[in-house]
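Here's protein.pdb, which has PDB, C-alpha atoms and all ligand atoms:
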ATOM      1  CA  MET A  49       0.000   0.000   0.000
ATOM      2  CA  LYS A  50       1.116   3.490  -0.767
ATOM      3  CA  ILE A  51       0.861   6.338   1.750
ATOM      4  CA  GLY A  52       1.431   9.978   0.847
ATOM      5  CA  ILE A  53       3.028  12.233   3.459
ATOM      6  CA  PHE A  54       3.026  15.966   3.031
ATOM      7  CA  ASP A  55       4.602  18.889   4.862
ATOM      8  CA  SER A  56       5.624  22.447   4.053
ATOM      9  CA  GLY A  57       9.206  21.205   4.198
ATOM     10  CA  LEU A  58      11.386  18.700   6.006
ATOM     11  CA  GLY A  59       9.565  18.586   9.356
ATOM     12  CA  GLY A  60       7.188  15.878   8.157
ATOM     13  CA  LEU A  61      10.189  13.596   7.644
ATOM     14  CA  SER A  62       9.832  12.938  11.369
ATOM     15  CA  VAL A  63       6.391  11.456  10.693
ATOM     16  CA  LEU A  64       7.747   9.432   7.779
ATOM     17  CA  HIS A  65      10.597   8.229  10.011
ATOM     18  CA  CYS A  66       8.042   7.087  12.595
ATOM     19  CA  ALA A  67       5.885   5.426   9.900
ATOM     20  CA  LYS A  68       8.894   3.518   8.564
ATOM     21  CA  LYS A  69       9.592   2.180  12.051
ATOM     22  CA  MET A  70       5.983   1.195  12.672
ATOM     23  CA  ALA A  71       5.112  -0.086   9.188
ATOM     24  CA  PRO A  72       8.324  -0.634   7.189
ATOM     25  CA  ASP A  73       6.600  -2.611   4.444
ATOM     26  CA  MET A  74       4.364   0.200   3.266
ATOM     27  CA  GLN A  75       5.428   2.354   0.335
ATOM     28  CA  TYR A  76       5.791   6.055   1.037
ATOM     29  CA  VAL A  77       5.674   9.135  -1.172
ATOM     30  CA  TYR A  78       6.827  12.336   0.521
ATOM     31  CA  TYR A  79       5.927  15.816  -0.709
ATOM     32  CA  ALA A  80       7.811  18.800   0.753
ATOM     33  CA  ASP A  81       6.557  22.159  -0.426
ATOM     34  CA  GLU A  82      10.071  23.619  -0.414
ATOM     35  CA  ASP A  83       9.074  26.508  -2.699
ATOM     36  CA  ASN A  84       6.647  27.828  -0.081
ATOM     37  CA  VAL A  85       8.118  26.888   3.302
ATOM     38  CA  PRO A  86       7.626  28.356   5.947
ATOM     39  CA  TYR A  87       3.850  28.029   6.096
ATOM     40  CA  GLY A  88       3.786  29.446   9.612
ATOM     41  CA  GLU A  89       4.452  32.918   8.222
ATOM     42  CA  LYS A  90       1.811  32.775   5.437
ATOM     43  CA  THR A  91      -1.905  33.501   5.611
ATOM     44  CA  LYS A  92      -4.356  30.741   6.392
ATOM     45  CA  GLU A  93      -5.834  31.115   2.885
ATOM     46  CA  GLN A  94      -2.419  30.675   1.222
ATOM     47  CA  VAL A  95      -1.649  27.601   3.325
ATOM     48  CA  LYS A  96      -5.039  26.128   2.396
ATOM     49  CA  GLU A  97      -4.289  26.553  -1.342
ATOM     50  CA  TYR A  98      -0.798  24.981  -1.036
ATOM     51  CA  THR A  99      -2.246  22.086   0.927
ATOM     52  CA  ILE A 100      -4.892  21.338  -1.696
ATOM     53  CA  GLN A 101      -2.209  21.391  -4.433
ATOM     54  CA  ALA A 102      -0.024  18.977  -2.489
ATOM     55  CA  ILE A 103      -2.871  16.538  -1.768
ATOM     56  CA  ASP A 104      -3.895  16.601  -5.449
ATOM     57  CA  TYR A 105      -0.313  15.874  -6.480
ATOM     58  CA  LEU A 106      -0.097  12.896  -4.126
ATOM     59  CA  LEU A 107      -3.445  11.591  -5.390
ATOM     60  CA  GLU A 108      -2.010  11.595  -8.916
ATOM     61  CA  LYS A 109       0.879   9.477  -7.619
ATOM     62  CA  GLY A 110      -1.659   6.816  -6.651
ATOM     63  CA  VAL A 111      -1.476   7.010  -2.861
ATOM     64  CA  GLU A 112      -4.242   5.346  -0.855
ATOM     65  CA  ALA A 113      -4.134   7.779   2.065
ATOM     66  CA  VAL A 114      -2.464  11.095   2.829
ATOM     67  CA  ILE A 115      -0.955  12.197   6.115
ATOM     68  CA  ILE A 116      -0.837  15.967   6.406
ATOM     69  CA  ALA A 117       2.362  15.899   8.472
ATOM     70  CA  CYS A 118       1.994  19.582   9.185
ATOM     71  CA  ASN A 119       0.004  21.076  12.048
ATOM     72  CA  THR A 120      -0.170  24.421  10.244
ATOM     73  CA  ALA A 121      -1.669  22.920   7.074
ATOM     74  CA  THR A 122      -4.101  20.830   9.119
ATOM     75  CA  SER A 123      -5.305  23.874  10.997
ATOM     76  CA  SER A 124      -5.802  25.784   7.712
ATOM     77  CA  LEU A 125      -7.729  23.130   5.784
ATOM     78  CA  PRO A 126     -11.457  22.986   6.588
ATOM     79  CA  MET A 127     -12.732  19.546   7.562
ATOM     80  CA  GLU A 128     -15.322  19.532   4.724
ATOM     81  CA  ILE A 129     -12.495  19.769   2.159
ATOM     82  CA  ARG A 130     -10.612  16.923   3.832
ATOM     83  CA  ARG A 131     -13.763  14.779   3.782
ATOM     84  CA  SER A 132     -14.422  15.543   0.102
ATOM     85  CA  TYR A 133     -11.471  13.376  -1.058
ATOM     86  CA  PRO A 134     -12.017   9.767  -2.118
ATOM     87  CA  ILE A 135      -9.222   8.532   0.212
ATOM     88  CA  PRO A 136      -8.507   9.159   3.917
ATOM     89  CA  ILE A 137      -6.754  12.466   4.586
ATOM     90  CA  VAL A 138      -5.349  12.373   8.106
ATOM     91  CA  GLY A 139      -4.229  15.610   9.737
ATOM     92  CA  MET A 140      -2.081  16.433  12.766
ATOM     93  CA  GLU A 141      -2.714  18.701  15.690
ATOM     94  CA  PRO A 142      -0.592  19.471  18.758
ATOM     95  CA  ALA A 143      -0.759  16.411  21.034
ATOM     96  CA  LEU A 144      -1.948  18.335  24.105
ATOM     97  CA  LYS A 145      -4.409  15.659  25.194
ATOM     98  CA  GLU A 146      -1.631  13.059  25.269
ATOM     99  CA  ALA A 147       0.683  15.490  27.116
ATOM    100  CA  ILE A 148      -1.949  16.037  29.814
ATOM    101  CA  ARG A 149      -2.640  12.295  30.045
ATOM    102  CA  LEU A 150       1.056  11.462  30.439
ATOM    103  CA  TYR A 151       2.392  14.399  32.438
ATOM    104  CA  GLY A 152      -0.548  16.486  33.652
ATOM    105  CA  LYS A 153      -0.358  14.885  37.112
ATOM    106  CA  LEU A 154       3.154  16.228  37.635
ATOM    107  CA  GLY A 155       1.370  19.465  38.484
ATOM    108  CA  LYS A 156       3.707  21.619  36.398
ATOM    109  CA  ARG A 157       2.941  23.676  33.307
ATOM    110  CA  ILE A 158       2.850  22.438  29.715
ATOM    111  CA  MET A 159       4.149  24.538  26.814
ATOM    112  CA  ILE A 160       2.613  24.100  23.371
ATOM    113  CA  ALA A 161       5.207  25.125  20.766
ATOM    114  CA  ALA A 162       3.771  25.641  17.281
ATOM    115  CA  THR A 163       3.799  28.058  14.356
ATOM    116  CA  GLU A 164       2.130  31.453  14.422
ATOM    117  CA  VAL A 165      -0.648  30.265  12.056
ATOM    118  CA  THR A 166      -1.402  27.241  14.274
ATOM    119  CA  ILE A 167      -1.418  29.379  17.415
ATOM    120  CA  ARG A 168      -3.766  31.950  15.879
ATOM    121  CA  GLY A 169      -6.071  29.250  14.516
ATOM    122  CA  ASP A 170      -9.459  28.379  16.019
ATOM    123  CA  LYS A 171      -8.650  24.659  15.996
ATOM    124  CA  LEU A 172      -5.942  24.953  18.632
ATOM    125  CA  HIS A 173      -8.085  27.240  20.789
ATOM    126  CA  HIS A 174     -10.957  24.747  20.685
ATOM    127  CA  LEU A 175      -8.563  21.962  21.581
ATOM    128  CA  VAL A 176      -7.158  23.875  24.553
ATOM    129  CA  ASP A 177     -10.655  24.818  25.737
ATOM    130  CA  SER A 178     -11.825  21.226  25.582
ATOM    131  CA  VAL A 179      -8.839  19.381  27.120
ATOM    132  CA  ASP A 180      -6.952  21.827  29.344
ATOM    133  CA  ILE A 181      -9.397  21.633  32.244
ATOM    134  CA  MET A 182      -6.745  22.554  34.860
ATOM    135  CA  HIS A 183      -5.441  25.518  32.785
ATOM    136  CA  GLN A 184      -1.942  24.114  32.650
ATOM    137  CA  ALA A 185      -1.039  24.988  29.068
ATOM    138  CA  ASP A 186       0.654  28.009  27.483
ATOM    139  CA  MET A 187       1.535  28.556  23.827
ATOM    140  CA  ILE A 188       4.584  29.887  22.045
ATOM    141  CA  ALA A 189       5.448  30.383  18.364
ATOM    142  CA  LEU A 190       9.001  29.425  17.381
ATOM    143  CA  PRO A 191       9.372  30.375  13.690
ATOM    144  CA  GLY A 192      13.173  30.319  13.930
ATOM    145  CA  LEU A 193      13.155  26.555  14.518
ATOM    146  CA  VAL A 194      11.506  25.990  11.136
ATOM    147  CA  ARG A 195      14.419  27.816   9.489
ATOM    148  CA  PHE A 196      17.025  25.952  11.539
ATOM    149  CA  ALA A 197      15.416  22.621  10.661
ATOM    150  CA  GLU A 198      15.391  23.439   6.946
ATOM    151  CA  ALA A 199      19.061  24.416   7.147
ATOM    152  CA  GLY A 200      19.998  21.234   9.040
ATOM    153  CA  SER A 201      21.176  23.155  12.108
ATOM    154  CA  TYR A 202      19.936  21.211  15.143
ATOM    155  CA  ASP A 203      21.756  21.873  18.378
ATOM    156  CA  GLY A 204      24.524  24.406  17.913
ATOM    157  CA  GLU A 205      24.969  27.575  19.953
ATOM    158  CA  GLU A 206      22.749  29.580  17.569
ATOM    159  CA  VAL A 207      19.814  27.228  18.233
ATOM    160  CA  ILE A 208      20.342  27.194  22.012
ATOM    161  CA  ASP A 209      20.566  31.014  22.059
ATOM    162  CA  TYR A 210      17.410  31.287  19.963
ATOM    163  CA  LEU A 211      15.528  29.010  22.376
ATOM    164  CA  ARG A 212      16.769  30.873  25.477
ATOM    165  CA  ASP A 213      15.811  34.215  23.909
ATOM    166  CA  SER A 214      12.375  33.006  22.837
ATOM    167  CA  PHE A 215      11.606  31.694  26.332
ATOM    168  CA  SER A 216      13.131  34.633  28.198
ATOM    169  CA  GLU A 217       9.740  35.653  29.621
ATOM    170  CA  TYR A 218       9.061  32.175  30.994
ATOM    171  CA  ASP A 219      10.560  30.338  33.924
ATOM    172  CA  MET A 220      11.178  26.974  32.307
ATOM    173  CA  LYS A 221      11.558  25.330  35.736
ATOM    174  CA  GLU A 222       7.775  25.637  36.000
ATOM    175  CA  TYR A 223       7.329  23.445  32.902
ATOM    176  CA  SER A 224       7.419  19.667  32.831
ATOM    177  CA  THR A 225       6.564  19.220  29.170
ATOM    178  CA  VAL A 226       6.850  20.708  25.710
ATOM    179  CA  VAL A 227       4.245  19.710  23.132
ATOM    180  CA  LEU A 228       6.018  19.664  19.769
ATOM    181  CA  GLY A 229       3.110  21.157  17.841
ATOM    182  CA  CYS A 230       5.013  21.666  14.601
ATOM    183  CA  THR A 231       6.694  18.730  12.931
ATOM    184  CA  HIS A 232       9.814  20.799  12.264
ATOM    185  CA  PHE A 233      10.334  21.033  16.042
ATOM    186  CA  ASN A 234      10.822  17.274  16.393
ATOM    187  CA  PHE A 235      14.483  17.713  15.445
ATOM    188  CA  PHE A 236      15.231  19.839  18.506
ATOM    189  CA  LYS A 237      14.676  17.681  21.585
ATOM    190  CA  SER A 238      18.398  17.708  22.366
ATOM    191  CA  ALA A 239      18.586  21.494  21.870
ATOM    192  CA  PHE A 240      15.663  22.048  24.279
ATOM    193  CA  ARG A 241      17.352  19.838  26.849
ATOM    194  CA  LYS A 242      20.661  21.640  26.455
ATOM    195  CA  ALA A 243      18.860  24.969  26.913
ATOM    196  CA  PHE A 244      16.495  24.040  29.780
ATOM    197  CA  GLY A 245      17.602  20.789  31.392
ATOM    198  CA  GLU A 246      17.483  17.053  30.886
ATOM    199  CA  GLU A 247      14.244  16.470  32.776
ATOM    200  CA  LEU A 248      11.977  18.109  30.182
ATOM    201  CA  HIS A 249       9.419  15.763  28.580
ATOM    202  CA  PHE A 250       8.348  16.001  24.938
ATOM    203  CA  VAL A 251       5.155  14.900  23.279
ATOM    204  CA  ASP A 252       4.538  14.799  19.554
ATOM    205  CA  GLY A 253       1.682  13.442  17.481
ATOM    206  CA  ASN A 254       3.701  11.063  15.307
ATOM    207  CA  HIS A 255       2.693   7.640  16.637
ATOM    208  CA  GLY A 256      -0.982   8.512  17.047
ATOM    209  CA  THR A 257      -1.175   9.835  13.500
ATOM    210  CA  VAL A 258       0.564   6.838  11.929
ATOM    211  CA  ARG A 259      -1.597   4.442  13.953
ATOM    212  CA  GLN A 260      -4.730   6.215  12.766
ATOM    213  CA  VAL A 261      -3.784   6.037   9.096
ATOM    214  CA  LEU A 262      -2.876   2.351   9.386
ATOM    215  CA  ARG A 263      -6.206   1.647  11.035
ATOM    216  CA  LEU A 264      -8.083   3.443   8.257
ATOM    217  CA  LEU A 265      -6.199   1.378   5.662
ATOM    218  CA  GLY A 266      -6.873  -1.870   7.525
ATOM    219  CA  GLY A 267      -3.148  -2.269   8.332
ATOM    220  CA  LYS A 268      -1.394  -2.857  11.634
ATOM    221  CA  PRO A 269       1.781  -1.449  13.177
ATOM    222  CA  LEU A 270       4.599  -3.895  13.992
ATOM    223  CA  GLU A 271       4.400  -5.266  17.532
ATOM    224  CA  GLU A 272       7.965  -4.114  18.090
ATOM    225  CA  GLU A 273       9.273  -1.076  16.284
ATOM    226  CA  ARG A 274      12.446  -1.428  14.259
ATOM    227  CA  GLU A 275      15.135   1.176  13.774
ATOM    228  CA  CYS A 276      14.536   3.110  10.585
ATOM    229  CA  VAL A 277      17.449   1.824   8.535
ATOM    230  CA  ASP A 278      16.792   3.072   5.042
ATOM    231  CA  THR A 279      15.785   6.294   3.422
ATOM    232  CA  GLU A 280      14.189   4.599   0.423
ATOM    233  CA  PHE A 281      11.041   6.431  -0.563
ATOM    234  CA  ASP A 282       9.807   8.655  -3.341
ATOM    235  CA  ILE A 283      10.243  12.304  -2.572
ATOM    236  CA  TYR A 284       9.232  15.470  -4.407
ATOM    237  CA  PHE A 285       9.952  19.100  -3.632
ATOM    238  CA  SER A 286       6.894  21.147  -4.670
ATOM    239  CA  GLY A 287       6.211  18.658  -7.451
ATOM    240  CA  ARG A 288       9.742  18.218  -8.832
ATOM    241  CA  GLU A 289      12.341  15.469  -8.467
ATOM    242  CA  VAL A 290      15.039  16.139  -5.868
ATOM    243  CA  SER A 291      18.730  16.564  -6.742
ATOM    244  CA  ASN A 292      21.507  14.349  -5.345
ATOM    245  CA  GLU A 293      22.562  17.151  -3.048
ATOM    246  CA  GLU A 294      19.002  17.471  -1.702
ATOM    247  CA  ARG A 295      18.900  13.684  -1.136
ATOM    248  CA  GLU A 296      22.095  13.975   0.867
ATOM    249  CA  HIS A 297      20.465  16.628   3.022
ATOM    250  CA  ILE A 298      17.415  14.409   3.568
ATOM    251  CA  HIS A 299      19.778  11.653   4.652
ATOM    252  CA  THR A 300      21.273  13.984   7.279
ATOM    253  CA  CYS A 301      17.757  14.755   8.560
ATOM    254  CA  PHE A 302      17.180  11.024   9.031
ATOM    255  CA  GLU A 303      20.435  10.699  10.966
ATOM    256  CA  GLN A 304      19.269  13.437  13.331
ATOM    257  CA  LEU A 305      15.870  11.713  13.684
ATOM    258  CA  ASN A 306      17.592   8.424  14.492
ATOM    259  CA  LYS A 307      19.330  10.241  17.352
ATOM    260  CA  MET A 308      16.139  11.962  18.567
ATOM    261  CA  TYR A 309      13.959   8.833  18.342
ATOM    262  CA  LYS A 310      16.068   5.888  19.418
ATOM    263  CA  VAL A 311      14.211   2.577  19.649
ATOM    264  CA  GLU A 312      14.680   1.608  23.324
TER
HETATM  265  N1  LIG B   1       5.950  21.619   9.825
HETATM  266  C1  LIG B   1       4.881  22.504   9.931
HETATM  267  C2  LIG B   1       3.940  22.240  11.097
HETATM  268  O1  LIG B   1       3.864  21.143  11.583
HETATM  269  C3  LIG B   1       4.994  23.954   9.546
HETATM  270  C4  LIG B   1       6.325  24.649   9.474
HETATM  271  C5  LIG B   1       6.253  25.893   8.598
HETATM  272  O2  LIG B   1       6.274  25.704   7.379
HETATM  273  O3  LIG B   1       6.167  27.014   9.137
HETATM  274  O4  LIG B   1       3.229  23.116  11.530
END
In structure tokens, what does this structure look like?
Amino acid sequence: MKIGIFDSGLGGLSVLHCAKKMAPDMQYVYYADEDNVPYGEKTKEQVKEYTIQAIDYLLEKGVEAVIIACNTATSSLPMEIRRSYPIPIVGMEPALKEAIRLYGKLGKRIMIAATEVTIRGDKLHHLVDSVDIMHQADMIALPGLVRFAEAGSYDGEEVIDYLRDSFSEYDMKEYSTVVLGCTHFNFFKSAFRKAFGEELHFVDGNHGTVRQVLRLLGGKPLEEERECVDTEFDIYFSGREVSNEEREHIHTCFEQLNKMYKVE
């Protein structure tokens, strides 16, 4: 079976990486809208148009389901449009519910990190209103991390300084958990820990999303996840083939993801 995975850029590779560990025998087609990244700094209307183009492109490639591996695109695409496609279109939203379930009892605060578009969007506000009963969650936009992720800069001084600056108004000792509400942020768990301490927990929506798409396709995840050993999949940048140099860069992203998501 063939699954399409789409993101504004390279952040959704973290979802593909997770899918390859959970269901290595599926075929994957990845679409990165490199001509238009970052979505977080566009209007909701623009992001909606780009998202429709990407889904249509993946449909032409014969995929049987699409994962919108982008919280920003998911929040910009109305549900009726998603439902109008002949195949399942599965979106992602910040995994706040899971963060509260896992770490809410610690009694500390939870930070939702996402893009500006996601944070402004009604979807996230509805989610917070419905699950954050104890008013534990705050939100922050980190547009710089999208740029660092695209450039392959993951935990150098410039990233640590950016994080410390961005959080200067917060006392991070009050926070137990960061919800990685933008797939580009999944590359930065080590940078967050370097900036704010080893005890920080992270929650992303990768497993839940992959599980949902497999369920809709009548497939099952492996009982035991395997390391993601290969980077064999079709990949297009805004509808064009990628160059050898771009493939190399994608390979480096996978190496970083292998470090961030070790199979225990
Ligand atoms: N990776 C995207 C997300 O999950 C958006 C990053 C961007 O293009 O600004 O929200």
Problem set entry | Test item: the PyMOL selection byres (((not hetatm)) within 9 of (chain B and resi 1)) resolved as an MDAnalysis selection string | chainID A and resid 55:60 81:82 84:90 116:123 140:142 162:166 191 193:195 228:233
Go ahead and dump the residues you just picked, C-alpha atoms, as a short mmCIF file (atom, residue, chain, number, x, y, z; two decimals), in the frame of the given file.
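Final file, again_32.cif:
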data_model
loop_
_atom_site.label_atom_id
_atom_site.label_comp_id
_atom_site.auth_asym_id
_atom_site.auth_seq_id
_atom_site.Cartn_x
_atom_site.Cartn_y
_atom_site.Cartn_z
CA ASP A 55 4.60 18.89 4.86
CA SER A 56 5.62 22.45 4.05
CA GLY A 57 9.21 21.20 4.20
CA LEU A 58 11.39 18.70 6.01
CA GLY A 59 9.56 18.59 9.36
CA GLY A 60 7.19 15.88 8.16
CA ASP A 81 6.56 22.16 -0.43
CA GLU A 82 10.07 23.62 -0.41
CA ASN A 84 6.65 27.83 -0.08
CA VAL A 85 8.12 26.89 3.30
CA PRO A 86 7.63 28.36 5.95
CA TYR A 87 3.85 28.03 6.10
CA GLY A 88 3.79 29.45 9.61
CA GLU A 89 4.45 32.92 8.22
CA LYS A 90 1.81 32.78 5.44
CA ILE A 116 -0.84 15.97 6.41
CA ALA A 117 2.36 15.90 8.47
CA CYS A 118 1.99 19.58 9.18
CA ASN A 119 0.00 21.08 12.05
CA THR A 120 -0.17 24.42 10.24
CA ALA A 121 -1.67 22.92 7.07
CA THR A 122 -4.10 20.83 9.12
CA SER A 123 -5.30 23.87 11.00
CA MET A 140 -2.08 16.43 12.77
CA GLU A 141 -2.71 18.70 15.69
CA PRO A 142 -0.59 19.47 18.76
CA ALA A 162 3.77 25.64 17.28
CA THR A 163 3.80 28.06 14.36
CA GLU A 164 2.13 31.45 14.42
CA VAL A 165 -0.65 30.26 12.06
CA THR A 166 -1.40 27.24 14.27
CA PRO A 191 9.37 30.38 13.69
CA LEU A 193 13.16 26.56 14.52
CA VAL A 194 11.51 25.99 11.14
CA ARG A 195 14.42 27.82 9.49
CA LEU A 228 6.02 19.66 19.77
CA GLY A 229 3.11 21.16 17.84
CA CYS A 230 5.01 21.67 14.60
CA THR A 231 6.69 18.73 12.93
CA HIS A 232 9.81 20.80 12.26
CA PHE A 233 10.33 21.03 16.04
#
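A straight line drawn from CA of Ile103 in chain A to CA of Leu61 in chain A is 16.4 Å long.
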For this session: Quick one: pull the distance between CA of Leu64 in chain A and CA of Ile158 in chain A, Å, one decimal.
Result: 26.0 Å
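The smallest atom-to-atom distance between Tyr284 in chain A and any of A:Tyr105, A:Phe240, A:Tyr98, A:Phe235, using all atoms listed in the file, is found for A:Tyr105.
Put simply, the PyMOL selection byres (((chain A and resi 212) around 12) and not hetatm) in this file takes in Leu190, Glu205, Glu206, Val207, Ile208, Asp209, Tyr210, Leu211, Asp213, Ser214, Phe215, Ser216, Glu217, Tyr218, Asp219, Met220, Ala239, Phe240, Arg241, Lys242, Ala243, Phe244 and Gly245 of chain A.
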Would you give me, as a tab-separated table, each residue of range 248-284 of chain A having an atom within 9 Å of an atom of range 69-77 of chain A, along with its shortest atom pair and that distance in Å to one decimal, using all atoms listed in the file and sorting by chain and residue number?
residue	atom	partner	partner_atom	distance
A:His255	CA	A:Met70	CA	8.3
A:Val258	CA	A:Met70	CA	7.9
A:Arg259	CA	A:Met70	CA	8.3
A:Leu262	CA	A:Ala71	CA	8.4
A:Gly267	CA	A:Ala71	CA	8.6
A:Lys268	CA	A:Ala71	CA	7.5
A:Pro269	CA	A:Met70	CA	5.0
A:Leu270	CA	A:Met70	CA	5.4
A:Glu271	CA	A:Met70	CA	8.2
A:Glu272	CA	A:Met70	CA	7.8
A:Glu273	CA	A:Lys69	CA	5.3
A:Arg274	CA	A:Lys69	CA	5.1
A:Glu275	CA	A:Lys69	CA	5.9
A:Cys276	CA	A:Lys69	CA	5.2
A:Val277	CA	A:Lys69	CA	8.6
A:Glu280	CA	A:Tyr76	CA	8.5
A:Phe281	CA	A:Tyr76	CA	5.5
A:Asp282	CA	A:Val77	CA	4.7
A:Ile283	CA	A:Val77	CA	5.7
A:Tyr284	CA	A:Val77	CA	8.0
Problem set entry | Residue among A:Ala113, A:Cys301, A:Leu144, A:Leu125 lying closest to Thr91 in chain A, counting all atoms listed in the file | A:Leu125
Exercise. So which residues touch Arg157 in chain A within 9 Å, counting all atoms listed in the file, skipping near sequence neighbours fewer than 3 positions away, as a ChimeraX atom specification?
Worked result: /A:152,154,183-186,220,222-225
Problem set entry | For CA of Ile135 in chain A and CA of His65 in chain A, the interatomic separation in Å (one decimal) | 22.1 Å
Exercise. Leaving out Met187 in chain A and any residue of its chain fewer than 3 positions from it, which residues lie within 8 Å of it when counting only C-alpha atoms, given as a PyMOL selection string?
Worked result: chain A and resi 159-162+167
May I ask you to restore N, CA and C atoms in range 244-265 of chain A and write the result as a short mmCIF file (atom, residue, chain, number, x, y, z; two decimals), in the coordinates of the input?
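Output contents, as saved in result16.cif:
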data_model
loop_
_atom_site.label_atom_id
_atom_site.label_comp_id
_atom_site.auth_asym_id
_atom_site.auth_seq_id
_atom_site.Cartn_x
_atom_site.Cartn_y
_atom_site.Cartn_z
N PHE A 244 17.35 23.95 28.57
CA PHE A 244 16.50 24.04 29.78
C PHE A 244 16.59 22.85 30.73
N GLY A 245 17.44 21.90 30.44
CA GLY A 245 17.60 20.79 31.39
C GLY A 245 17.09 19.46 30.85
N GLU A 246 17.71 18.42 31.37
CA GLU A 246 17.48 17.05 30.89
C GLU A 246 16.10 16.51 31.23
N GLU A 247 15.47 17.11 32.28
CA GLU A 247 14.24 16.47 32.78
C GLU A 247 12.99 16.83 31.98
N LEU A 248 13.13 17.69 30.98
CA LEU A 248 11.98 18.11 30.18
C LEU A 248 11.41 16.92 29.38
N HIS A 249 10.07 16.81 29.38
CA HIS A 249 9.42 15.76 28.58
C HIS A 249 8.94 16.38 27.26
N PHE A 250 8.85 15.54 26.24
CA PHE A 250 8.35 16.00 24.94
C PHE A 250 7.23 15.10 24.47
N VAL A 251 6.24 15.71 23.84
CA VAL A 251 5.16 14.90 23.28
C VAL A 251 4.91 15.38 21.86
N ASP A 252 4.88 14.43 20.93
CA ASP A 252 4.54 14.80 19.55
C ASP A 252 3.39 13.91 19.10
N GLY A 253 2.86 14.20 17.92
CA GLY A 253 1.68 13.44 17.48
C GLY A 253 2.02 12.33 16.49
N ASN A 254 3.29 11.98 16.39
CA ASN A 254 3.70 11.06 15.31
C ASN A 254 3.06 9.67 15.38
N HIS A 255 3.21 9.01 16.54
CA HIS A 255 2.69 7.64 16.64
C HIS A 255 1.19 7.59 16.45
N GLY A 256 0.49 8.50 17.12
CA GLY A 256 -0.98 8.51 17.05
C GLY A 256 -1.44 8.69 15.60
N THR A 257 -0.77 9.56 14.88
CA THR A 257 -1.18 9.84 13.50
C THR A 257 -0.93 8.62 12.61
N VAL A 258 0.25 8.01 12.77
CA VAL A 258 0.56 6.84 11.93
C VAL A 258 -0.40 5.70 12.26
N ARG A 259 -0.66 5.50 13.55
CA ARG A 259 -1.60 4.44 13.95
C ARG A 259 -2.97 4.66 13.32
N GLN A 260 -3.40 5.91 13.32
CA GLN A 260 -4.73 6.22 12.77
C GLN A 260 -4.80 5.91 11.27
N VAL A 261 -3.75 6.28 10.54
CA VAL A 261 -3.78 6.04 9.10
C VAL A 261 -3.72 4.54 8.81
N LEU A 262 -2.95 3.81 9.60
CA LEU A 262 -2.88 2.35 9.39
C LEU A 262 -4.23 1.71 9.66
N ARG A 263 -4.87 2.18 10.70
CA ARG A 263 -6.21 1.65 11.04
C ARG A 263 -7.18 1.90 9.89
N LEU A 264 -7.15 3.11 9.34
CA LEU A 264 -8.08 3.44 8.26
C LEU A 264 -7.81 2.61 7.00
N LEU A 265 -6.55 2.19 6.84
CA LEU A 265 -6.20 1.38 5.66
C LEU A 265 -6.31 -0.12 5.95
#
